[in-house]
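> Below is query-v3.cif; it holds mmCIF, N, CA and C atoms.
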data_input
loop_
_atom_site.label_atom_id
_atom_site.label_comp_id
_atom_site.auth_asym_id
_atom_site.auth_seq_id
_atom_site.Cartn_x
_atom_site.Cartn_y
_atom_site.Cartn_z
N MET A 1 41.14 125.42 104.56
CA MET A 1 40.77 126.80 104.81
C MET A 1 39.64 126.83 105.84
N PRO A 2 39.73 127.70 106.83
CA PRO A 2 38.66 127.80 107.83
C PRO A 2 37.33 128.19 107.19
N ILE A 3 36.26 127.61 107.68
CA ILE A 3 34.93 127.85 107.13
C ILE A 3 34.57 129.33 107.17
N GLU A 4 34.91 130.02 108.25
CA GLU A 4 34.59 131.44 108.36
C GLU A 4 35.25 132.25 107.25
N GLN A 5 36.49 131.93 106.93
CA GLN A 5 37.19 132.65 105.87
C GLN A 5 36.55 132.35 104.51
N ALA A 6 36.20 131.10 104.27
CA ALA A 6 35.54 130.72 103.02
C ALA A 6 34.22 131.48 102.87
N ARG A 7 33.45 131.55 103.94
CA ARG A 7 32.17 132.29 103.88
C ARG A 7 32.40 133.76 103.60
N ARG A 8 33.45 134.33 104.20
CA ARG A 8 33.74 135.76 103.99
C ARG A 8 34.04 136.03 102.52
N TYR A 9 34.87 135.18 101.91
CA TYR A 9 35.19 135.38 100.50
C TYR A 9 33.96 135.19 99.61
N MET A 10 33.18 134.13 99.88
CA MET A 10 32.01 133.91 99.04
C MET A 10 30.97 135.00 99.28
N GLU A 11 30.86 135.50 100.49
CA GLU A 11 29.91 136.59 100.75
C GLU A 11 30.32 137.85 99.97
N ALA A 12 31.60 138.09 99.82
CA ALA A 12 32.07 139.22 99.01
C ALA A 12 31.63 139.03 97.56
N ALA A 13 31.74 137.81 97.05
CA ALA A 13 31.30 137.52 95.68
C ALA A 13 29.78 137.64 95.58
N LEU A 14 29.07 137.18 96.59
CA LEU A 14 27.60 137.30 96.58
C LEU A 14 27.15 138.76 96.60
N ASP A 15 27.86 139.61 97.33
CA ASP A 15 27.54 141.04 97.32
C ASP A 15 27.67 141.62 95.92
N LEU A 16 28.71 141.20 95.20
CA LEU A 16 28.89 141.66 93.82
C LEU A 16 27.79 141.12 92.92
N ALA A 17 27.34 139.90 93.17
CA ALA A 17 26.23 139.33 92.40
C ALA A 17 24.95 140.13 92.65
N ARG A 18 24.72 140.51 93.90
CA ARG A 18 23.53 141.33 94.21
C ARG A 18 23.59 142.68 93.50
N GLN A 19 24.77 143.27 93.46
CA GLN A 19 24.94 144.54 92.75
C GLN A 19 24.65 144.37 91.25
N ALA A 20 25.11 143.26 90.69
CA ALA A 20 24.85 142.99 89.28
C ALA A 20 23.34 142.86 89.04
N ALA A 21 22.66 142.14 89.91
CA ALA A 21 21.20 141.98 89.78
C ALA A 21 20.51 143.33 89.85
N ALA A 22 20.93 144.18 90.77
CA ALA A 22 20.32 145.51 90.91
C ALA A 22 20.51 146.35 89.65
N ALA A 23 21.57 146.06 88.90
CA ALA A 23 21.84 146.77 87.65
C ALA A 23 21.18 146.10 86.45
N GLY A 24 20.41 145.02 86.70
CA GLY A 24 19.73 144.32 85.62
C GLY A 24 20.55 143.25 84.93
N GLU A 25 21.70 142.94 85.50
CA GLU A 25 22.57 141.90 84.95
C GLU A 25 22.30 140.58 85.67
N VAL A 26 22.63 139.47 85.04
CA VAL A 26 22.50 138.17 85.68
C VAL A 26 23.37 138.20 86.94
N PRO A 27 22.82 137.81 88.09
CA PRO A 27 23.54 137.95 89.36
C PRO A 27 24.65 136.94 89.59
N VAL A 28 25.81 137.28 89.06
CA VAL A 28 27.02 136.49 89.28
C VAL A 28 28.09 137.47 89.75
N GLY A 29 28.82 137.07 90.79
CA GLY A 29 29.91 137.88 91.31
C GLY A 29 31.14 137.03 91.48
N ALA A 30 32.31 137.68 91.42
CA ALA A 30 33.57 136.96 91.55
C ALA A 30 34.63 137.85 92.20
N ILE A 31 35.53 137.20 92.92
CA ILE A 31 36.69 137.89 93.47
C ILE A 31 37.93 137.05 93.22
N VAL A 32 39.07 137.71 93.14
CA VAL A 32 40.37 137.04 93.06
C VAL A 32 41.11 137.36 94.35
N VAL A 33 41.65 136.32 94.97
CA VAL A 33 42.36 136.46 96.24
C VAL A 33 43.79 135.96 96.09
N LYS A 34 44.72 136.76 96.60
CA LYS A 34 46.14 136.35 96.65
C LYS A 34 46.67 136.67 98.03
N ASP A 35 47.24 135.68 98.66
CA ASP A 35 47.81 135.84 100.00
C ASP A 35 46.82 136.46 100.98
N GLY A 36 45.55 136.04 100.89
CA GLY A 36 44.53 136.50 101.81
C GLY A 36 43.92 137.85 101.50
N GLU A 37 44.38 138.50 100.44
CA GLU A 37 43.88 139.84 100.07
C GLU A 37 43.06 139.76 98.78
N ILE A 38 41.93 140.43 98.77
CA ILE A 38 41.13 140.52 97.54
C ILE A 38 41.82 141.52 96.62
N ILE A 39 42.24 141.04 95.45
CA ILE A 39 42.96 141.91 94.51
C ILE A 39 42.18 142.15 93.22
N GLY A 40 41.04 141.50 93.09
CA GLY A 40 40.20 141.71 91.92
C GLY A 40 38.77 141.38 92.28
N HIS A 41 37.85 142.15 91.75
CA HIS A 41 36.44 141.87 91.99
C HIS A 41 35.64 142.25 90.76
N GLY A 42 34.51 141.57 90.61
CA GLY A 42 33.67 141.89 89.47
C GLY A 42 32.31 141.26 89.59
N GLY A 43 31.36 141.94 89.02
CA GLY A 43 30.02 141.41 88.86
C GLY A 43 29.74 141.34 87.37
N ASN A 44 28.80 140.51 86.99
CA ASN A 44 28.44 140.44 85.57
C ASN A 44 28.10 141.84 85.07
N ARG A 45 28.59 142.19 83.87
CA ARG A 45 28.24 143.46 83.26
C ARG A 45 28.30 143.46 81.73
N PRO A 46 27.91 142.36 81.10
CA PRO A 46 27.94 142.38 79.64
C PRO A 46 26.93 143.36 79.03
N ILE A 47 25.79 143.55 79.68
CA ILE A 47 24.78 144.46 79.14
C ILE A 47 25.26 145.90 79.27
N ALA A 48 25.66 146.28 80.47
CA ALA A 48 26.10 147.66 80.71
C ALA A 48 27.34 148.01 79.90
N GLY A 49 28.24 147.05 79.76
CA GLY A 49 29.49 147.32 79.03
C GLY A 49 29.42 147.04 77.55
N HIS A 50 28.26 146.57 77.07
CA HIS A 50 28.14 146.17 75.66
C HIS A 50 29.32 145.26 75.31
N ASP A 51 29.56 144.28 76.20
CA ASP A 51 30.73 143.42 76.07
C ASP A 51 30.34 141.99 76.45
N PRO A 52 30.20 141.10 75.47
CA PRO A 52 29.79 139.73 75.79
C PRO A 52 30.80 138.97 76.64
N THR A 53 32.03 139.47 76.76
CA THR A 53 33.03 138.79 77.58
C THR A 53 33.07 139.32 79.01
N ALA A 54 32.24 140.26 79.37
CA ALA A 54 32.29 140.90 80.69
C ALA A 54 31.56 140.08 81.75
N HIS A 55 31.90 138.80 81.82
CA HIS A 55 31.38 137.95 82.89
C HIS A 55 32.14 138.31 84.17
N ALA A 56 31.54 138.02 85.31
CA ALA A 56 32.12 138.39 86.60
C ALA A 56 33.56 137.89 86.74
N GLU A 57 33.81 136.65 86.33
CA GLU A 57 35.14 136.07 86.46
C GLU A 57 36.17 136.84 85.65
N ILE A 58 35.81 137.18 84.43
CA ILE A 58 36.72 137.90 83.53
C ILE A 58 37.02 139.28 84.09
N VAL A 59 35.98 139.97 84.56
CA VAL A 59 36.15 141.31 85.13
C VAL A 59 37.10 141.25 86.33
N ALA A 60 36.88 140.28 87.21
CA ALA A 60 37.72 140.14 88.40
C ALA A 60 39.16 139.78 88.03
N MET A 61 39.34 138.87 87.07
CA MET A 61 40.70 138.48 86.68
C MET A 61 41.42 139.63 85.97
N ARG A 62 40.70 140.42 85.18
CA ARG A 62 41.33 141.57 84.53
C ARG A 62 41.85 142.56 85.57
N GLU A 63 41.03 142.82 86.58
CA GLU A 63 41.44 143.76 87.63
C GLU A 63 42.66 143.22 88.39
N ALA A 64 42.63 141.94 88.73
CA ALA A 64 43.75 141.33 89.46
C ALA A 64 45.03 141.35 88.63
N ALA A 65 44.93 141.03 87.35
CA ALA A 65 46.10 141.02 86.48
C ALA A 65 46.68 142.43 86.35
N ALA A 66 45.81 143.42 86.25
CA ALA A 66 46.30 144.81 86.18
C ALA A 66 46.99 145.20 87.48
N LYS A 67 46.42 144.80 88.60
CA LYS A 67 47.02 145.14 89.90
C LYS A 67 48.39 144.48 90.06
N LEU A 68 48.51 143.22 89.60
CA LEU A 68 49.78 142.51 89.71
C LEU A 68 50.73 142.81 88.55
N ASP A 69 50.22 143.50 87.53
CA ASP A 69 51.00 143.86 86.34
C ASP A 69 51.55 142.61 85.65
N THR A 70 50.65 141.64 85.44
CA THR A 70 51.04 140.39 84.79
C THR A 70 49.83 139.75 84.12
N ASP A 71 50.09 138.83 83.22
CA ASP A 71 49.00 138.10 82.59
C ASP A 71 48.74 136.76 83.25
N ARG A 72 49.56 136.38 84.21
CA ARG A 72 49.41 135.12 84.92
C ARG A 72 49.06 135.38 86.37
N LEU A 73 48.01 134.75 86.83
CA LEU A 73 47.55 134.93 88.21
C LEU A 73 48.00 133.75 89.07
N ILE A 74 49.27 133.46 89.00
CA ILE A 74 49.87 132.35 89.73
C ILE A 74 49.73 132.60 91.23
N GLY A 75 49.29 131.57 91.95
CA GLY A 75 49.11 131.70 93.39
C GLY A 75 47.83 132.39 93.79
N CYS A 76 46.96 132.66 92.83
CA CYS A 76 45.69 133.34 93.11
C CYS A 76 44.54 132.34 93.12
N ASP A 77 43.53 132.67 93.91
CA ASP A 77 42.30 131.89 93.98
C ASP A 77 41.16 132.71 93.41
N LEU A 78 40.25 132.06 92.72
CA LEU A 78 39.06 132.71 92.18
C LEU A 78 37.84 132.18 92.90
N TRP A 79 37.05 133.08 93.42
CA TRP A 79 35.79 132.75 94.10
C TRP A 79 34.67 133.31 93.24
N VAL A 80 33.74 132.46 92.83
CA VAL A 80 32.64 132.90 91.97
C VAL A 80 31.35 132.23 92.42
N THR A 81 30.26 132.94 92.27
CA THR A 81 28.97 132.45 92.78
C THR A 81 28.34 131.37 91.92
N LEU A 82 28.77 131.24 90.67
CA LEU A 82 28.17 130.28 89.74
C LEU A 82 29.26 129.52 89.01
N GLU A 83 29.02 128.26 88.74
CA GLU A 83 29.96 127.45 87.96
C GLU A 83 30.33 128.18 86.67
N PRO A 84 31.61 128.37 86.41
CA PRO A 84 32.03 129.10 85.22
C PRO A 84 31.63 128.42 83.90
N CYS A 85 31.38 129.27 82.91
CA CYS A 85 31.07 128.81 81.56
C CYS A 85 32.38 128.42 80.86
N ALA A 86 32.28 127.94 79.63
CA ALA A 86 33.46 127.51 78.88
C ALA A 86 34.44 128.66 78.65
N MET A 87 33.94 129.85 78.33
CA MET A 87 34.81 131.00 78.10
C MET A 87 35.60 131.32 79.37
N CYS A 88 34.91 131.38 80.49
CA CYS A 88 35.57 131.72 81.75
C CYS A 88 36.51 130.61 82.21
N ALA A 89 36.12 129.36 82.02
CA ALA A 89 36.99 128.25 82.38
C ALA A 89 38.28 128.30 81.56
N GLY A 90 38.18 128.63 80.29
CA GLY A 90 39.37 128.78 79.47
C GLY A 90 40.27 129.89 79.97
N ALA A 91 39.66 131.01 80.35
CA ALA A 91 40.44 132.13 80.88
C ALA A 91 41.09 131.76 82.22
N ILE A 92 40.39 131.00 83.04
CA ILE A 92 40.94 130.55 84.32
C ILE A 92 42.19 129.70 84.07
N ALA A 93 42.11 128.80 83.11
CA ALA A 93 43.27 127.97 82.78
C ALA A 93 44.42 128.82 82.25
N HIS A 94 44.14 129.73 81.34
CA HIS A 94 45.19 130.58 80.77
C HIS A 94 45.83 131.47 81.82
N ALA A 95 45.04 131.92 82.79
CA ALA A 95 45.57 132.79 83.84
C ALA A 95 46.36 132.02 84.89
N ARG A 96 46.24 130.71 84.88
CA ARG A 96 46.93 129.84 85.85
C ARG A 96 46.41 130.05 87.28
N ILE A 97 45.10 130.24 87.40
CA ILE A 97 44.47 130.33 88.72
C ILE A 97 44.79 129.05 89.49
N ALA A 98 45.19 129.19 90.75
CA ALA A 98 45.57 128.01 91.55
C ALA A 98 44.36 127.21 92.01
N ARG A 99 43.37 127.91 92.55
CA ARG A 99 42.17 127.26 93.08
C ARG A 99 40.93 128.01 92.65
N LEU A 100 39.92 127.25 92.24
CA LEU A 100 38.62 127.79 91.87
C LEU A 100 37.60 127.33 92.90
N TYR A 101 36.89 128.29 93.48
CA TYR A 101 35.82 128.01 94.42
C TYR A 101 34.54 128.58 93.82
N TYR A 102 33.49 127.77 93.74
CA TYR A 102 32.23 128.33 93.24
C TYR A 102 31.05 127.83 94.04
N GLY A 103 29.97 128.61 93.95
CA GLY A 103 28.76 128.33 94.70
C GLY A 103 27.84 127.36 93.99
N ALA A 104 26.94 127.89 93.18
CA ALA A 104 25.91 127.09 92.52
C ALA A 104 26.44 126.43 91.26
N SER A 105 25.97 125.23 91.00
CA SER A 105 26.25 124.53 89.75
C SER A 105 25.38 125.12 88.65
N ASP A 106 25.83 124.96 87.41
CA ASP A 106 25.09 125.47 86.26
C ASP A 106 24.96 124.36 85.21
N PRO A 107 23.91 123.52 85.35
CA PRO A 107 23.75 122.39 84.41
C PRO A 107 23.61 122.82 82.95
N LYS A 108 23.09 124.02 82.69
CA LYS A 108 22.89 124.46 81.31
C LYS A 108 24.13 125.11 80.70
N GLY A 109 24.84 125.92 81.47
CA GLY A 109 25.94 126.68 80.89
C GLY A 109 27.29 126.45 81.53
N GLY A 110 27.34 125.64 82.56
CA GLY A 110 28.61 125.41 83.24
C GLY A 110 29.56 124.55 82.42
N ALA A 111 30.85 124.72 82.69
CA ALA A 111 31.85 123.96 81.93
C ALA A 111 32.87 123.26 82.83
N ILE A 112 32.55 123.18 84.13
CA ILE A 112 33.47 122.53 85.05
C ILE A 112 32.97 121.13 85.38
N GLU A 113 31.78 121.03 85.94
CA GLU A 113 31.19 119.72 86.24
C GLU A 113 30.08 119.37 85.24
N HIS A 114 29.78 120.28 84.35
CA HIS A 114 28.76 120.08 83.32
C HIS A 114 29.35 120.39 81.94
N GLY A 115 28.56 120.15 80.90
CA GLY A 115 28.97 120.50 79.55
C GLY A 115 30.33 119.93 79.19
N PRO A 116 31.22 120.78 78.70
CA PRO A 116 32.52 120.28 78.21
C PRO A 116 33.49 119.81 79.29
N ARG A 117 33.20 120.08 80.55
CA ARG A 117 34.13 119.70 81.65
C ARG A 117 35.56 120.03 81.23
N LEU A 118 35.76 121.31 81.01
CA LEU A 118 36.98 121.79 80.39
C LEU A 118 38.27 121.32 81.05
N PHE A 119 38.31 121.32 82.37
CA PHE A 119 39.55 120.95 83.05
C PHE A 119 39.88 119.46 82.94
N GLU A 120 38.94 118.67 82.43
CA GLU A 120 39.20 117.25 82.22
C GLU A 120 39.74 116.96 80.82
N GLN A 121 39.79 117.98 79.96
CA GLN A 121 40.24 117.77 78.59
C GLN A 121 41.76 117.67 78.53
N PRO A 122 42.29 116.77 77.73
CA PRO A 122 43.74 116.58 77.67
C PRO A 122 44.49 117.78 77.08
N THR A 123 43.81 118.63 76.34
CA THR A 123 44.47 119.78 75.72
C THR A 123 44.59 120.98 76.65
N VAL A 124 44.00 120.91 77.83
CA VAL A 124 44.08 122.02 78.77
C VAL A 124 45.43 121.95 79.48
N HIS A 125 46.17 123.05 79.42
CA HIS A 125 47.53 123.07 79.96
C HIS A 125 47.59 123.29 81.47
N HIS A 126 46.56 123.84 82.04
CA HIS A 126 46.55 124.10 83.49
C HIS A 126 45.19 123.76 84.06
N ARG A 127 45.18 123.07 85.17
CA ARG A 127 43.95 122.69 85.85
C ARG A 127 44.02 123.17 87.29
N PRO A 128 43.16 124.10 87.67
CA PRO A 128 43.17 124.53 89.07
C PRO A 128 42.53 123.47 89.95
N GLU A 129 42.80 123.55 91.23
CA GLU A 129 42.03 122.76 92.18
C GLU A 129 40.62 123.36 92.16
N VAL A 130 39.60 122.53 92.24
CA VAL A 130 38.22 123.01 92.15
C VAL A 130 37.45 122.58 93.38
N TYR A 131 36.73 123.55 93.96
CA TYR A 131 35.88 123.31 95.13
C TYR A 131 34.52 123.93 94.82
N SER A 132 33.48 123.13 94.90
CA SER A 132 32.14 123.63 94.55
C SER A 132 31.19 123.55 95.74
N GLY A 133 30.05 124.20 95.60
CA GLY A 133 29.00 124.12 96.60
C GLY A 133 29.15 125.06 97.77
N ILE A 134 30.03 126.04 97.69
CA ILE A 134 30.24 126.98 98.79
C ILE A 134 29.14 128.04 98.75
N CYS A 135 28.36 128.11 99.81
CA CYS A 135 27.20 129.02 99.86
C CYS A 135 26.28 128.79 98.67
N GLU A 136 26.16 127.54 98.28
CA GLU A 136 25.40 127.15 97.09
C GLU A 136 23.95 127.63 97.14
N ASP A 137 23.29 127.46 98.27
CA ASP A 137 21.88 127.86 98.37
C ASP A 137 21.69 129.35 98.15
N ALA A 138 22.55 130.16 98.76
CA ALA A 138 22.44 131.61 98.60
C ALA A 138 22.65 132.02 97.15
N ALA A 139 23.64 131.43 96.50
CA ALA A 139 23.93 131.75 95.11
C ALA A 139 22.78 131.31 94.20
N ALA A 140 22.27 130.12 94.42
CA ALA A 140 21.17 129.61 93.60
C ALA A 140 19.91 130.43 93.81
N ASP A 141 19.63 130.82 95.06
CA ASP A 141 18.44 131.63 95.35
C ASP A 141 18.48 132.97 94.62
N LEU A 142 19.65 133.60 94.58
CA LEU A 142 19.79 134.87 93.85
C LEU A 142 19.40 134.69 92.39
N LEU A 143 19.90 133.64 91.79
CA LEU A 143 19.60 133.38 90.37
C LEU A 143 18.12 133.06 90.16
N LYS A 144 17.54 132.22 91.03
CA LYS A 144 16.13 131.86 90.89
C LYS A 144 15.24 133.09 91.00
N LYS A 145 15.50 133.92 92.00
CA LYS A 145 14.68 135.13 92.19
C LYS A 145 14.83 136.08 91.00
N PHE A 146 16.05 136.22 90.50
CA PHE A 146 16.30 137.11 89.36
C PHE A 146 15.49 136.65 88.14
N PHE A 147 15.59 135.37 87.81
CA PHE A 147 14.91 134.88 86.62
C PHE A 147 13.40 134.75 86.80
N SER A 148 12.93 134.43 87.99
CA SER A 148 11.47 134.35 88.19
C SER A 148 10.84 135.74 88.08
N ALA A 149 11.56 136.79 88.48
CA ALA A 149 11.04 138.15 88.36
C ALA A 149 10.95 138.58 86.88
N ARG A 150 11.71 137.95 86.01
CA ARG A 150 11.73 138.31 84.59
C ARG A 150 10.68 137.54 83.79
N ARG A 151 10.07 136.52 84.40
CA ARG A 151 9.10 135.70 83.67
C ARG A 151 7.71 136.23 83.80
#
Hey, can you dump this file as structure tokens for me?

Amino acid sequence: MPIEQARRYMEAALDLARQAAAAGEVPVGAIVVKDGEIIGHGGNRPIAGHDPTAHAEIVAMREAAAKLDTDRLIGCDLWVTLEPCAMCAGAIAHARIARLYYGASDPKGGAIEHGPRLFEQPTVHHRPEVYSGICEDAAADLLKKFFSARR
């Protein structure tokens, strides 16, 4: 994938993360892309929605699934600013996301390269291709600024 296109997709996710931060939510944003078109987008909103499952990835995948009128996001890519947690990684596998692209790693809550490393487990039925570190500094800076302002 051309670098310019990758930056464009991750910048769209970063914009959603900034919107989440402005709303007082942890700044994580995600988009779902199919055939070059953004078909789902979401920013973290568990506080606003009183919904512990309203992580950016889940919000974006729900929108994409509704748009495609299916529960499987076959041929879709997920772009997210932070390494997905175990809940989101499980949803990614169930949705059959083709490729996962993420920005910053999450040593405390991540489940891809940290913690349970969900896609490495033998019981996982689907493993997307995974690409990390895309716009990592920008994604990490958003999180650092958000949490330092709260301390």
> Go through A:Pro116, A:Gly110, A:Pro52, A:Gly103 and flag the residue nearest Leu78 (chain A), using only C-alpha atoms for the distances.
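The shortest atom-to-atom distance to Leu78 (chain A) comes from A:Gly103.
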> Figure out the distance between CA of Ile112 (chain A) and CA of Ala140 (chain A), please, to one decimal in Å.
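Computing it gives 16.6 Å between the two atoms.
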> Name the residues, using the chain letters and numbers of the file, that sit within 7 Å of (29.8, 139.2, 91.3) when counting only C-alpha atoms, and give them as an mmCIF file with N, CA and C atoms, in the frame of the given file.

data_model
loop_
_atom_site.group_PDB
_atom_site.id
_atom_site.type_symbol
_atom_site.label_atom_id
_atom_site.label_comp_id
_atom_site.auth_asym_id
_atom_site.auth_seq_id
_atom_site.Cartn_x
_atom_site.Cartn_y
_atom_site.Cartn_z
ATOM 1 N N ALA A 13 31.740 137.810 97.050
ATOM 2 C CA ALA A 13 31.300 137.520 95.680
ATOM 3 C C ALA A 13 29.780 137.640 95.580
ATOM 4 N N LEU A 14 29.070 137.180 96.590
ATOM 5 C CA LEU A 14 27.600 137.300 96.580
ATOM 6 C C LEU A 14 27.150 138.760 96.600
ATOM 7 N N ASP A 15 27.860 139.610 97.330
ATOM 8 C CA ASP A 15 27.540 141.040 97.320
ATOM 9 C C ASP A 15 27.670 141.620 95.920
ATOM 10 N N LEU A 16 28.710 141.200 95.200
ATOM 11 C CA LEU A 16 28.890 141.660 93.820
ATOM 12 C C LEU A 16 27.790 141.120 92.920
ATOM 13 N N ALA A 17 27.340 139.900 93.170
ATOM 14 C CA ALA A 17 26.230 139.330 92.400
ATOM 15 C C ALA A 17 24.950 140.130 92.650
ATOM 16 N N ALA A 20 25.110 143.260 90.690
ATOM 17 C CA ALA A 20 24.850 142.990 89.280
ATOM 18 C C ALA A 20 23.340 142.860 89.040
ATOM 19 N N PRO A 27 22.820 137.810 88.090
ATOM 20 C CA PRO A 27 23.540 137.950 89.360
ATOM 21 C C PRO A 27 24.650 136.940 89.590
ATOM 22 N N VAL A 28 25.810 137.280 89.060
ATOM 23 C CA VAL A 28 27.020 136.490 89.280
ATOM 24 C C VAL A 28 28.090 137.470 89.750
ATOM 25 N N GLY A 29 28.820 137.070 90.790
ATOM 26 C CA GLY A 29 29.910 137.880 91.310
ATOM 27 C C GLY A 29 31.140 137.030 91.480
ATOM 28 N N ALA A 30 32.310 137.680 91.420
ATOM 29 C CA ALA A 30 33.570 136.960 91.550
ATOM 30 C C ALA A 30 34.630 137.850 92.200
ATOM 31 N N GLY A 42 34.510 141.570 90.610
ATOM 32 C CA GLY A 42 33.670 141.890 89.470
ATOM 33 C C GLY A 42 32.310 141.260 89.590
ATOM 34 N N GLY A 43 31.360 141.940 89.020
ATOM 35 C CA GLY A 43 30.020 141.410 88.860
ATOM 36 C C GLY A 43 29.740 141.340 87.370
ATOM 37 N N ASN A 44 28.800 140.510 86.990
ATOM 38 C CA ASN A 44 28.440 140.440 85.570
ATOM 39 C C ASN A 44 28.100 141.840 85.070
ATOM 40 N N ALA A 56 31.540 138.020 85.310
ATOM 41 C CA ALA A 56 32.120 138.390 86.600
ATOM 42 C C ALA A 56 33.560 137.890 86.740
ATOM 43 N N VAL A 80 33.740 132.460 92.830
ATOM 44 C CA VAL A 80 32.640 132.900 91.970
ATOM 45 C C VAL A 80 31.350 132.230 92.420
ATOM 46 N N THR A 81 30.260 132.940 92.270
ATOM 47 C CA THR A 81 28.970 132.450 92.780
ATOM 48 C C THR A 81 28.340 131.370 91.920
#
> Starting from 6 Å padding per side, set up an axis-aligned box that covers all listed atoms of region 101-109 of chain A and hand over centre and edge lengths in Å, one decimal, as AutoDock Vina command-line options.

--center_x 29.9 --center_y 125.5 --center_z 87.7 --size_x 26.0 --size_y 18.2 --size_z 26.0
> Step one, run DSSP on the backbone; step two, keep only residues of region 34-90 of chain A assigned to helix (DSSP H, G or I); then write them as a PyMOL selection string.
chain A and resi 46-49+56-68+86-90
> Using all atoms listed in the file, which of the listed residues (A:Ala6, A:Met1, A:Ile39, A:Cys88) sits closest to Ala66 (chain A)?
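Residue with the minimum atom-to-atom distance to Ala66 (chain A): A:Ile39.
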> Set the distance at 12 Å and use only C-alpha atoms: which residues neighbour Ala149 (chain A) once local chain neighbours fewer than 5 positions away are removed? I'd like the list as JSON, numbers by chain.
{"A": [21, 24, 26, 142, 143, 144]}
> What is the distance between atom C of Ala48 (chain A) and atom C of Arg62 (chain A), in Å to one decimal?
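A separation of 16.5 Å between them.
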> What does the structure give for the distance between CA of Ile134 (chain A) and CA of Pro122 (chain A), in Å to one decimal?
27.1 Å
> Hey, what's within 6 Å of region 91-100 of chain A if we count all atoms listed in the file and toss same-chain stuff fewer than 2 positions away? As number ranges by chain, please?
A: 71-79, 86-89, 102, 126-131
> Using only C-alpha atoms, which residue out of A:Ala138, A:Ala54, A:Leu118, A:Ala12 lies closest to Val33 (chain A)?
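Using only C-alpha atoms, Val33 (chain A) sits closest to A:Ala12.
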